[in-house]
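**Q** Sharing a structure with you now.
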Amino acid sequence: MSELYVVPTPIGNLSDMVPRAVQVLQQVDVIAAEDTRHSAPLMRHFDIGTPMWAYHDHNEEEQAERLVALILEGKSVALISDAGTPLVSDPGFRLVEKATQAGVKVVPIPGAVAAMAALSASGLPSDRFVFEGFLPAKAAKRVSALEALLSETRTLIFYESSHRILDTLQAMHDVFGEERKVCVAREITKQYETIKTAALSDLVVWMQADSNQQRGEFVIMLEGVEHELSAEDFEFAKTLMLWPSIDPPF
């Protein structure tokens, strides 16, 4: 029985492709790619001629079964996403789940992860953190998701797109207060990489003033509270009108 390899690809700079990842992609029988057209230039750059099958959100159930069946026949498969490590806010969970259920050996290849690269340069506590991925697109649900994290003491990590970056930062400002420290990492490893850490009030103003800083792909890292909010803390905060419409997070 052959293996399923979970293979990271660069998030911007092609030099971040690890040699082991190239070797695996050259040697497996099939590459399951989130978007074969997107991945084609990467394959050409590293002289990888392995056949690619499309594996994405819209076909993952069907393709996962086909790929696991292929592995059970003795073939080897590598899973890649458009950028970074698969399954981290990218497709892949169903395939890995079905593979483990079928007794297939799953081999992770270490490599690029935007969240970890950004956190390492943020200046925020990195000993304890929680990855929240993308917040809901609709404003009300986004605020509710943030409110549920009010008492979180760990550093919070989010992904966000250029279309919602300002709205998300403003929602964080409204929910967590203007003094909470935040770091925004934009276009990690790419030409216009920017990493800015400041109080939420200052960072919102800074980004509003420069439309170029609103472009690209973002990692947002938010400082956790110093201690978990007690009932007394929460009621005191309400009297100061910091969180006037939030139900207690306990």
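How things are named: the first chain in the structure tokens is A, the next is B, and so on; residues count from 1 in each chain; ligands count from 1 in the order shown.
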For Arg20 of chain A, list every protein, DNA or RNA residue within 10 Å, evaluated using only C-alpha atoms, and leave out those in the same chain fewer than 2 positions away; present the list as a PyMOL selection string.

**A** chain A and resi 7+17-18+22-26+109-111

**Q** Determine which residues of segment 21-216 of chain A DSSP labels as strand (DSSP E) from the backbone of this structure, then write them out as an MDAnalysis selection string.

**A** chainID A and resid 30:33 52:54 77:80 105:108 129:134 155:161 181:186 194:199

**Q** Give me the residues near Phe158 of chain A as a VMD selection string, where near means some atom within 9 Å (using only C-alpha atoms) and where sequence neighbours in that chain fewer than 5 positions away do not count.

**A** chain A and resid 115 130 to 135 218 to 222

**Q** Could those selected residues go to a file with N, CA, C and O atoms, as an mmCIF file, in the first residue's frame?

**A**
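Okay, this is what ended up in part.cif:
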```cif
data_model
loop_
_atom_site.group_PDB
_atom_site.id
_atom_site.type_symbol
_atom_site.label_atom_id
_atom_site.label_comp_id
_atom_site.auth_asym_id
_atom_site.auth_seq_id
_atom_site.Cartn_x
_atom_site.Cartn_y
_atom_site.Cartn_z
ATOM 1 N N ALA A 115 0.230 31.721 8.439
ATOM 2 C CA ALA A 115 -0.072 32.082 9.828
ATOM 3 C C ALA A 115 1.166 32.011 10.704
ATOM 4 O O ALA A 115 1.414 32.898 11.527
ATOM 5 N N VAL A 130 -4.307 30.682 18.983
ATOM 6 C CA VAL A 130 -5.409 29.917 18.414
ATOM 7 C C VAL A 130 -5.681 30.432 17.003
ATOM 8 O O VAL A 130 -5.708 31.633 16.761
ATOM 9 N N PHE A 131 -5.822 29.504 16.060
ATOM 10 C CA PHE A 131 -6.069 29.856 14.663
ATOM 11 C C PHE A 131 -7.562 29.804 14.379
ATOM 12 O O PHE A 131 -8.198 28.768 14.547
ATOM 13 N N GLU A 132 -8.135 30.942 13.949
ATOM 14 C CA GLU A 132 -9.573 31.032 13.701
ATOM 15 C C GLU A 132 -9.924 31.038 12.213
ATOM 16 O O GLU A 132 -11.093 31.043 11.854
ATOM 17 N N GLY A 133 -8.921 31.080 11.343
ATOM 18 C CA GLY A 133 -9.194 31.072 9.906
ATOM 19 C C GLY A 133 -9.917 32.328 9.453
ATOM 20 O O GLY A 133 -9.676 33.418 9.959
ATOM 21 N N PHE A 134 -10.830 32.182 8.490
ATOM 22 C CA PHE A 134 -11.594 33.313 7.966
ATOM 23 C C PHE A 134 -12.841 33.550 8.818
ATOM 24 O O PHE A 134 -13.568 32.608 9.140
ATOM 25 N N LEU A 135 -13.094 34.795 9.157
ATOM 26 C CA LEU A 135 -14.326 35.166 9.845
ATOM 27 C C LEU A 135 -15.490 35.142 8.857
ATOM 28 O O LEU A 135 -15.282 35.208 7.645
ATOM 29 N N PHE A 218 -4.129 38.727 3.666
ATOM 30 C CA PHE A 218 -3.774 39.201 5.001
ATOM 31 C C PHE A 218 -3.817 38.098 6.054
ATOM 32 O O PHE A 218 -4.666 37.210 6.010
ATOM 33 N N VAL A 219 -2.894 38.231 7.008
ATOM 34 C CA VAL A 219 -2.978 37.503 8.269
ATOM 35 C C VAL A 219 -3.149 38.561 9.355
ATOM 36 O O VAL A 219 -2.385 39.520 9.415
ATOM 37 N N ILE A 220 -4.195 38.418 10.163
ATOM 38 C CA ILE A 220 -4.440 39.342 11.273
ATOM 39 C C ILE A 220 -4.190 38.601 12.574
ATOM 40 O O ILE A 220 -4.719 37.509 12.789
ATOM 41 N N MET A 221 -3.384 39.189 13.436
ATOM 42 C CA MET A 221 -3.089 38.592 14.734
ATOM 43 C C MET A 221 -3.480 39.566 15.833
ATOM 44 O O MET A 221 -3.035 40.717 15.832
ATOM 45 N N LEU A 222 -4.326 39.126 16.730
ATOM 46 C CA LEU A 222 -4.889 39.982 17.769
ATOM 47 C C LEU A 222 -4.417 39.519 19.139
ATOM 48 O O LEU A 222 -4.505 38.333 19.471
#
```

**Q** Hey, which of A:Ala54, A:Val96, A:Leu87, A:Ala145 ends up closest to Arg37 of chain A? Count only C-alpha atoms.

**A**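 Among the listed residues, A:Ala54 lies closest to Arg37 of chain A.
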
**Q** Taking into account only C-alpha atoms, which residue in the set A:Val106, A:Val6, A:Val28, A:Ala118 is nearest to Gly92 of chain A?

**A**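 Distance minimum relative to Gly92 of chain A lands on A:Val6.
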
**Q** What are the DSSP helix (DSSP H, G or I) residues of segment 19-230 of chain A, as number ranges by chain?

**A** A: 19-27, 36-45, 60-72, 93-101, 114-120, 139-147, 165-176, 200-208, 211-214

**Q** Considering only C-alpha atoms, state which residue in the set A:Glu152, A:Asp210, A:Glu223, A:Asp29 is at the smallest distance from Glu179 of chain A.

**A**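 Using only C-alpha atoms, Glu179 of chain A sits closest to A:Glu223.
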
**Q** Which residue, A:Leu166, A:Leu150, A:Ile31, A:Ala99, has the smallest gap to Ala209 of chain A when you use only C-alpha atoms?

**A**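 Checking each of A:Leu166, A:Leu150, A:Ile31, A:Ala99 against Ala209 of chain A, counting only C-alpha atoms, the winner is A:Leu166.
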
**Q** Quick one: residues within 8 Å of Thr85 of chain A, only C-alpha atoms counted, chain neighbours fewer than 3 positions away excluded, as a VMD selection string?

**A** chain A and resid 6 to 9 80 to 81 88 111 to 113

**Q** Quick one: everything within 12 Å of segment 67-76 of chain A, counting only C-alpha atoms, minus sequence neighbours fewer than 6 positions away in the same chain. Send it as a PyMOL selection string.

**A** chain A and resi 1-6+24-33+50-55+59-61+92+94-107

**Q** Take the residues from that selection and put them in a file with N, CA and C atoms, as a compact mmCIF listing (two decimals), in the first residue's frame.

**A**
```txt
# COMPACT_ATOMS: atom_id res chain seq x y z
N MET A 1 0.85 -1.20 0.00
CA MET A 1 0.00 0.00 0.00
C MET A 1 0.89 1.24 0.00
N SER A 2 0.58 2.21 -0.84
CA SER A 2 1.35 3.45 -0.92
C SER A 2 0.76 4.50 0.00
N GLU A 3 1.34 5.69 -0.07
CA GLU A 3 1.00 6.72 0.90
C GLU A 3 0.28 7.91 0.27
N LEU A 4 -0.31 8.70 1.18
CA LEU A 4 -0.83 10.02 0.84
C LEU A 4 0.12 11.04 1.46
N TYR A 5 0.68 11.91 0.64
CA TYR A 5 1.59 12.95 1.11
C TYR A 5 0.86 14.29 1.15
N VAL A 6 0.97 15.00 2.25
CA VAL A 6 0.42 16.35 2.37
C VAL A 6 1.59 17.31 2.16
N VAL A 24 9.08 14.67 -3.60
CA VAL A 24 7.84 13.91 -3.47
C VAL A 24 6.93 14.14 -4.68
N LEU A 25 6.77 15.40 -5.08
CA LEU A 25 5.88 15.71 -6.20
C LEU A 25 6.38 15.10 -7.50
N GLN A 26 7.68 14.93 -7.64
CA GLN A 26 8.24 14.31 -8.84
C GLN A 26 8.04 12.80 -8.84
N GLN A 27 7.94 12.19 -7.67
CA GLN A 27 7.95 10.74 -7.58
C GLN A 27 6.57 10.10 -7.41
N VAL A 28 5.57 10.85 -6.93
CA VAL A 28 4.25 10.24 -6.73
C VAL A 28 3.59 9.97 -8.07
N ASP A 29 2.52 9.19 -8.02
CA ASP A 29 1.80 8.85 -9.26
C ASP A 29 0.80 9.93 -9.66
N VAL A 30 0.20 10.60 -8.66
CA VAL A 30 -0.81 11.62 -8.93
C VAL A 30 -0.66 12.75 -7.93
N ILE A 31 -0.88 13.99 -8.40
CA ILE A 31 -0.94 15.15 -7.52
C ILE A 31 -2.39 15.64 -7.48
N ALA A 32 -2.97 15.69 -6.30
CA ALA A 32 -4.31 16.26 -6.12
C ALA A 32 -4.14 17.75 -5.83
N ALA A 33 -4.55 18.60 -6.76
CA ALA A 33 -4.30 20.04 -6.67
C ALA A 33 -5.61 20.81 -6.56
N THR A 50 4.35 15.18 -13.09
CA THR A 50 3.36 14.24 -12.53
C THR A 50 1.94 14.69 -12.90
N PRO A 51 1.07 13.75 -13.31
CA PRO A 51 -0.32 14.11 -13.62
C PRO A 51 -1.02 14.75 -12.42
N MET A 52 -1.85 15.77 -12.68
CA MET A 52 -2.60 16.44 -11.62
C MET A 52 -4.09 16.19 -11.78
N TRP A 53 -4.73 15.93 -10.65
CA TRP A 53 -6.20 15.83 -10.60
C TRP A 53 -6.73 17.01 -9.80
N ALA A 54 -7.81 17.59 -10.27
CA ALA A 54 -8.43 18.70 -9.53
C ALA A 54 -9.11 18.18 -8.27
N TYR A 55 -8.78 18.80 -7.15
CA TYR A 55 -9.39 18.44 -5.87
C TYR A 55 -9.70 19.74 -5.13
N ASN A 59 -15.74 19.31 -5.36
CA ASN A 59 -15.71 17.90 -5.77
C ASN A 59 -15.00 17.00 -4.77
N GLU A 60 -14.74 17.53 -3.56
CA GLU A 60 -13.86 16.81 -2.65
C GLU A 60 -14.42 15.47 -2.19
N GLU A 61 -15.73 15.36 -2.03
CA GLU A 61 -16.30 14.09 -1.57
C GLU A 61 -16.04 12.99 -2.60
N GLY A 92 -8.88 19.61 1.79
CA GLY A 92 -8.01 18.49 2.11
C GLY A 92 -8.49 17.63 3.26
N ARG A 94 -11.36 16.14 3.97
CA ARG A 94 -12.10 14.93 3.62
C ARG A 94 -11.17 13.85 3.09
N LEU A 95 -10.20 14.24 2.31
CA LEU A 95 -9.26 13.26 1.75
C LEU A 95 -8.43 12.62 2.86
N VAL A 96 -7.89 13.43 3.75
CA VAL A 96 -7.08 12.90 4.84
C VAL A 96 -7.94 12.04 5.77
N GLU A 97 -9.17 12.49 6.03
CA GLU A 97 -10.08 11.72 6.88
C GLU A 97 -10.35 10.34 6.29
N LYS A 98 -10.70 10.30 5.00
CA LYS A 98 -11.01 9.02 4.36
C LYS A 98 -9.77 8.14 4.26
N ALA A 99 -8.62 8.76 4.05
CA ALA A 99 -7.38 7.99 3.96
C ALA A 99 -7.06 7.31 5.29
N THR A 100 -7.18 8.05 6.40
CA THR A 100 -6.89 7.47 7.71
C THR A 100 -7.91 6.39 8.06
N GLN A 101 -9.18 6.60 7.69
CA GLN A 101 -10.20 5.60 7.95
C GLN A 101 -9.93 4.31 7.19
N ALA A 102 -9.31 4.43 6.01
CA ALA A 102 -9.01 3.27 5.19
C ALA A 102 -7.67 2.63 5.55
N GLY A 103 -6.99 3.19 6.56
CA GLY A 103 -5.72 2.63 6.97
C GLY A 103 -4.54 3.07 6.13
N VAL A 104 -4.73 4.10 5.32
CA VAL A 104 -3.65 4.63 4.48
C VAL A 104 -2.69 5.45 5.33
N LYS A 105 -1.41 5.29 5.09
CA LYS A 105 -0.40 6.09 5.78
C LYS A 105 -0.39 7.50 5.20
N VAL A 106 -0.55 8.50 6.06
CA VAL A 106 -0.53 9.90 5.65
C VAL A 106 0.80 10.50 6.10
N VAL A 107 1.55 11.07 5.15
CA VAL A 107 2.89 11.59 5.43
C VAL A 107 2.89 13.11 5.26
```
